[in-house]
Amino acid sequence: MNQRVPELRLEHVTKRFGSTAAVQDVSFCLWPGEFLSLLGPSGCGKTTTLRMIAGFVVPDAGRILCRGQDITDEPPYRRDVGLVFQNYALFPHMTVAENVAFGLKMRGAARSVTRDRVQWALELVRMPQYGTRRPHELSGGQQQRVAVARVLAAGASLLLFDEPFSNLDAKLRKAMQVELRELQQRLGIATIHVTHDQQEAMSMSDRLIVMNSGQIEQEGTPEEIYRHPRSAFVAEFMGECNRLAGRVVGVDRARGMAELDLDAGGRLLAPWSGPEDPPERAVAFLRPEHITIVSSGAGGGQANVLAGTVRRRVYLGPVTVLYVSLNDDTDVLVQCTNSLNGASGYGPDARVQLHLPPPSVRLMPL
Amino acid sequence: MSLAGVSAPPAPPRSRGGAGAHRTGRRLPWGGVLFLPGALVIGSLLVACLILFRYSLNAWDPVRTMVTSWTGANYLALVRDPVVRRAFIETLRIGVTVTLVCLVLGYPVAYGISRSRKRALLMFLLVAPLLMDALLRSFGWLVMLGHHGLVNVLLTGLGVWASPKRLIYTPLSVIIEMIHELIPFMVLPIASVLERIDPTLHEAAMNLRAGPVRAFWFITLPLSLPGVLAGTLLTFALAMSAFVAPLILGGGNVLTMTILIQQQMLTTLNWPLGSAESIALVLVVLAVLTAYGRQARRIARGSA
C-alpha cells in the first residue's frame, strides 16, 4: 500500500470562516480505485473539505496533492475532479446530451470524439435513449445518472459526491447506492463521498473517515469503525449505542479487564488495555445487538448481568428492539433477532435479566 | 401607452421537475371581485383607445375643428406626411438607443446587485430616482447640461473640451435623461432573474473546465435572457412613449411622436390627426414588441 502513489492526498488542511475553524488540520489519502466516505453530522467540515478538493474553497493552510502534484492553488476549472452536486446542478437550458457534452466542449474535443464519449457515458448510466430530453423532464434518479455521466464524460480522474442521495426517496436511494457503487467498481475510479448517513456510508465504502467539528475522529473500514470506535462520538454516531456511566473500582492488568460499578446498579467487567489506569469515572458503550436476555424474573448479582423492566417493544421485521429500564430509569436498548418462530416474547412490564458480554463493552473516559 | 406583452419576468426554468405544479382546488367565494380593480384600469384604457380610434376617423376643418365623419384621410396623411415619418424615425432611434444603452449599462449593475449581500439597499438606491417627478428630473438635467452647467464646466475645466458645447435641446440630452429615468426598469427584471439562477450551476460549469468567463457565457447569460427580454420590452415601451424629456430637454428641436401628437392636439387642435398618430404609435410599438419578443424567446430556447 505504501509504495503506491495516492490518487489524492490532503496534508494538514485547515480552513477558517471568520473565527471558527470549519476544517482543522485534516490529513488523509485516497488510494486508486477506492471508495472513501467522509461521514459526520452537518457542520462537521465534510462539505468544506469536499469543496476544497474541488477548488471552490481555498485552504488557509496545508496542501492538496493529486497524484503527487500540488493542486492547492489550482482554480476549479483546472482540476480533473468530477463533482456530483447534491441537487445535480444540471443545466436547465440544455438537453441531456448537451449537458454531458459540456465538459468535452470546454476541453475543445472534436465533434466525433464528443459524440462517441457522450454515448459511452450515457450507456454507462443506462440512459442512452434520453439524450434529447431536458433535465426537467427527468426523475430525480435519472437526473442523478445524467450528473454522473456528465463528470465521467468530461474525463474526471476522481469523483466527488456531495450528499448525492438526499433528494431521493428511500427505495430509489438504495437502488442508486448499489448502482453507483457497481459503476464505480467497474470503472475503478477513486471516489470521495460526503454524507451524514452512516448506513449509506457503511454500505458503500471501502473506507470511512468520521469527522466532527472540523477534525477527523477516526479512519478505517466500516467494520473497524463500527466495532472499535475510538471515541464516544464515533460510537454514538455509528448506529445505536447504549451508554452506561459508572465508577471504576478495580483493574486486573493480567486479564486486561476493568471493573465498573454502574450508577444504574450492578457491576460490569470491561476490557481495558490502555497503558494507564482508567480514570475514576468512565462510560461503558455497547451495541443493542450484543446484549442478550438471559432469563426473565428477578435475581442477578453476578457481574455483567443487569435486571430491568421492559418499557417498550418495537417490532421492526428482522429484529425487535426492546427498551429496558434499569433501576434508575436508564434505558437500555436491546436488539433481538426475530427467528422463524416469531419475535421475542417479552412485552411491556416484563422483568428481564440482561447479559452484557465483556468483549462487547467498550470503556471510555467520561 | 399600453404595456401589453410585458408581464412579470418569466420564471427561470426549474432545475428539478415535478414538484410545485400542484394548486389547491379551493376558491374564494368572492374571488372574482379581486379582478375588478384590474378590469377597471384595463377597461378604461381600452375605452380611451376606442374613443381615440373613433376620433381618428373624423374629419378636420380649420374653423370648426373636429367634424363627425367616417374617413380614412387621417391615416393616409400619416403615411404621406414627411414630418410624421421623420418623427417616427426619431422616436424609434431614441427608443432603440436608450434601450441598448440601458441594457449595456444595466446588465452589469443587475449582476452586481444579484450577487451582493446588500441587495435590499442597492435595490432601493436604484429605484430612488423614480421617487422624483420626471419634470423635476428633466429640469435638473437642463441645469446640469446647460452652457454653464456642471458637465460643460467640468469638461472644459479639465481641458477635454476647448469650449463649452451645446448639449441641451439636442437628442443627446433627451437620451441621457431617458437613460437615467428608465435604467431601473432594465435592471430590476434582470436582477430578479439572475438572483434566482442556482449558483451551483456556475460551479458545475467551472467543475467541467469552464473558466469564469465561459461559465458566464454558456450558463449564466443564457439563463438570464428571460430577464433581458422583460427589461428591454419595458424600457423600449416606456422610451417610445416618453413625453416630458423630449418636451423639456428637446426644447422644440427634438420632434418625437409624443411631441407631434401634443402639438396636433393642443396647438393645431387637429384632434382627428392627433388621434390617428396616437393609434399608429401604439400599433407600431405593439408590433415591434411582439416581433422582438417572439424572436428573443426563440433565441433563448435555441441557445445552448
# chains A, B, ... in the order shown; residues from 1 in each chain; ligands from 1
$ select_by_dssp --residues "range 32-142 of chain B" --states "alpha helix (DSSP H)" --output "PyMOL selection string"
chain B and resi 36-56+73-80+82-115+119-127+134-142
$ write_last_selection --atoms "C-alpha atoms" --output "short mmCIF file (atom, residue, chain, number, x, y, z; two decimals), in the first residue's frame"
data_model
loop_
_atom_site.label_atom_id
_atom_site.label_comp_id
_atom_site.auth_asym_id
_atom_site.auth_seq_id
_atom_site.Cartn_x
_atom_site.Cartn_y
_atom_site.Cartn_z
CA LEU B 36 -62.41 44.24 -10.51
CA PRO B 37 -59.67 46.88 -9.98
CA GLY B 38 -57.57 45.43 -12.77
CA ALA B 39 -60.56 45.14 -15.06
CA LEU B 40 -61.43 48.76 -14.31
CA VAL B 41 -57.97 50.03 -15.23
CA ILE B 42 -57.69 47.96 -18.39
CA GLY B 43 -61.27 48.69 -19.31
CA SER B 44 -60.87 52.47 -19.07
CA LEU B 45 -57.67 52.27 -21.11
CA LEU B 46 -59.47 50.31 -23.77
CA VAL B 47 -62.36 52.77 -23.81
CA ALA B 48 -59.90 55.66 -24.18
CA CYS B 49 -58.26 53.88 -27.08
CA LEU B 50 -61.64 53.25 -28.67
CA ILE B 51 -62.58 56.93 -28.33
CA LEU B 52 -59.24 57.93 -29.88
CA PHE B 53 -59.85 55.48 -32.68
CA ARG B 54 -63.29 56.94 -33.32
CA TYR B 55 -61.83 60.49 -33.37
CA SER B 56 -59.17 59.38 -35.83
CA ALA B 73 -57.97 60.54 -44.69
CA ASN B 74 -56.01 60.96 -41.45
CA TYR B 75 -54.29 57.61 -41.80
CA LEU B 76 -53.48 58.40 -45.40
CA ALA B 77 -51.96 61.69 -44.24
CA LEU B 78 -49.78 59.80 -41.75
CA VAL B 79 -48.18 57.77 -44.49
CA ARG B 80 -47.73 60.73 -46.83
CA PRO B 82 -42.74 63.60 -44.26
CA VAL B 83 -42.92 65.31 -40.85
CA VAL B 84 -44.71 62.34 -39.36
CA ARG B 85 -42.23 59.97 -40.94
CA ARG B 86 -39.33 61.97 -39.52
CA ALA B 87 -40.91 61.97 -36.07
CA PHE B 88 -41.42 58.22 -36.24
CA ILE B 89 -37.82 57.61 -37.18
CA GLU B 90 -36.57 59.99 -34.47
CA THR B 91 -38.76 58.25 -31.86
CA LEU B 92 -37.57 54.82 -32.88
CA ARG B 93 -33.94 55.96 -32.94
CA ILE B 94 -34.19 57.39 -29.42
CA GLY B 95 -36.13 54.36 -28.18
CA VAL B 96 -33.63 51.84 -29.55
CA THR B 97 -30.61 53.85 -28.39
CA VAL B 98 -31.99 54.27 -24.88
CA THR B 99 -32.88 50.58 -24.66
CA LEU B 100 -29.47 49.41 -25.86
CA VAL B 101 -27.53 51.76 -23.58
CA CYS B 102 -29.74 50.77 -20.64
CA LEU B 103 -29.04 47.11 -21.39
CA VAL B 104 -25.28 47.56 -21.68
CA LEU B 105 -25.08 49.70 -18.54
CA GLY B 106 -27.79 47.88 -16.66
CA TYR B 107 -26.73 44.24 -17.05
CA PRO B 108 -23.52 44.56 -15.03
CA VAL B 109 -25.39 46.55 -12.39
CA ALA B 110 -28.06 43.85 -12.21
CA TYR B 111 -25.35 41.19 -11.96
CA GLY B 112 -23.65 43.10 -9.14
CA ILE B 113 -26.92 43.58 -7.26
CA SER B 114 -27.87 39.91 -7.60
CA ARG B 115 -24.53 38.86 -6.10
CA ARG B 119 -29.38 43.66 -2.17
CA ALA B 120 -32.26 45.47 -0.49
CA LEU B 121 -30.26 48.68 -0.05
CA LEU B 122 -28.95 48.63 -3.62
CA MET B 123 -32.43 47.98 -5.00
CA PHE B 124 -33.71 50.97 -3.06
CA LEU B 125 -30.92 53.22 -4.32
CA LEU B 126 -31.69 52.08 -7.83
CA VAL B 127 -35.37 52.89 -7.57
CA ALA B 134 -39.91 63.29 -14.47
CA LEU B 135 -40.44 67.03 -14.85
CA LEU B 136 -38.11 67.87 -11.97
CA ARG B 137 -35.53 65.41 -13.22
CA SER B 138 -35.67 66.94 -16.67
CA PHE B 139 -35.14 70.44 -15.29
CA GLY B 140 -32.27 69.05 -13.25
CA TRP B 141 -30.60 67.76 -16.37
CA LEU B 142 -31.32 71.05 -18.09
#
$ select_by_dssp --residues "range 116-245 of chain A" --states "strand (DSSP E or B)" --output "list in words"
Leu158, Leu159, Leu160, Phe161, Asp162, Ala190, Thr191, Ile192, His193, Val194, Thr195, Arg207, Leu208, Ile209, Val210, Met211, Asn212, Gln215, Ile216, Glu217, Gln218, Glu219, Gly220, Asn242, Arg243, Leu244 and Ala245 of chain A
$ closest_residue --among "B:Ala296, B:Ile197, B:Val244, B:Val284" --to "chain A" --atoms "only C-alpha atoms"
B:Ile197
$ atom_distance --atom1 "CA of Ser203 in chain A" --atom2 "CA of Phe28 in chain A"
20.8 Å
$ atom_distance --atom1 "CA of Glu217 in chain A" --atom2 "CA of Ser37 in chain A"
13.2 Å
$ atom_distance --atom1 "CA of Pro272 in chain B" --atom2 "CA of Pro171 in chain B"
27.9 Å
$ residues_around --residues "range 171-183 of chain A" --least-positions-apart "2" --cutoff "8 Å" --atoms "only C-alpha atoms" --output "ChimeraX atom specification"
/A:124,141,165-166,168-169,185-187,200,204
$ closest_atom_pairs --of "chain A" --to "chain B" --cutoff "10 Å" --atoms "only C-alpha atoms" --output "tab-separated table"
residue	atom	partner	partner_atom	distance
A:Ala54	CA	B:Asn207	CA	7.2
A:Gly55	CA	B:Asn207	CA	8.5
A:Phe56	CA	B:Glu203	CA	7.8
A:Pro75	CA	B:Gly211	CA	8.6
A:Pro76	CA	B:Asn207	CA	5.7
A:Tyr77	CA	B:Arg209	CA	4.0
A:Arg78	CA	B:Arg209	CA	6.2
A:Arg79	CA	B:Asn207	CA	7.6
A:Asp80	CA	B:Asn207	CA	8.2
A:Val81	CA	B:Asn207	CA	7.3
A:Gly82	CA	B:Asn207	CA	6.5
A:Leu83	CA	B:Asn207	CA	6.7
A:Val84	CA	B:Ala204	CA	8.3
A:Phe85	CA	B:Thr200	CA	7.8
A:Gln86	CA	B:Thr200	CA	9.5
A:Asn87	CA	B:Ser15	CA	8.1
A:Tyr88	CA	B:Ser15	CA	8.5
A:Ala89	CA	B:Leu201	CA	5.2
A:Leu90	CA	B:Ser15	CA	6.8
A:Phe91	CA	B:Leu201	CA	6.5
A:Pro92	CA	B:Ser15	CA	5.8
A:His93	CA	B:Ala304	CA	6.5
A:Met94	CA	B:Ala304	CA	5.6
A:Thr95	CA	B:Ala304	CA	8.5
A:Glu98	CA	B:Ala304	CA	7.6
A:Asn99	CA	B:Ala304	CA	9.3
A:Val100	CA	B:Leu208	CA	9.8
A:Ala101	CA	B:Leu208	CA	9.7
A:Phe102	CA	B:Leu208	CA	7.0
A:Gly103	CA	B:Leu208	CA	4.6
A:Leu104	CA	B:Leu208	CA	8.1
A:Lys105	CA	B:Ala210	CA	9.2
A:Met106	CA	B:Ala210	CA	5.8
A:Arg107	CA	B:Arg209	CA	7.0
A:Arg134	CA	B:Gly17	CA	9.7
A:Pro135	CA	B:Ser15	CA	7.1
A:His136	CA	B:Gly17	CA	4.2
A:Glu137	CA	B:Gly17	CA	6.1
A:Leu138	CA	B:Gly17	CA	6.9
A:Ser139	CA	B:Gly17	CA	7.2
A:Gly140	CA	B:Arg16	CA	7.5
A:Gln143	CA	B:Arg16	CA	8.4
A:Ala147	CA	B:Ala204	CA	9.7
A:Arg150	CA	B:Leu208	CA	8.4
A:Val151	CA	B:Leu208	CA	7.1
A:Ala153	CA	B:Leu208	CA	9.7
A:Ala154	CA	B:Leu208	CA	6.5
A:Gly155	CA	B:Leu208	CA	9.2
A:Ala156	CA	B:Leu208	CA	8.8
$ closest_residue --among "B:Val153, B:Val228, B:Val187, B:Ala162" --to "Arg297 in chain B" --atoms "only C-alpha atoms"
B:Val228
$ residues_around --residues "range 174-178 of chain B" --least-positions-apart "2" --cutoff "6 Å" --atoms "only C-alpha atoms" --output "number ranges by chain"
B: 171-172, 180-182, 245-246, 249
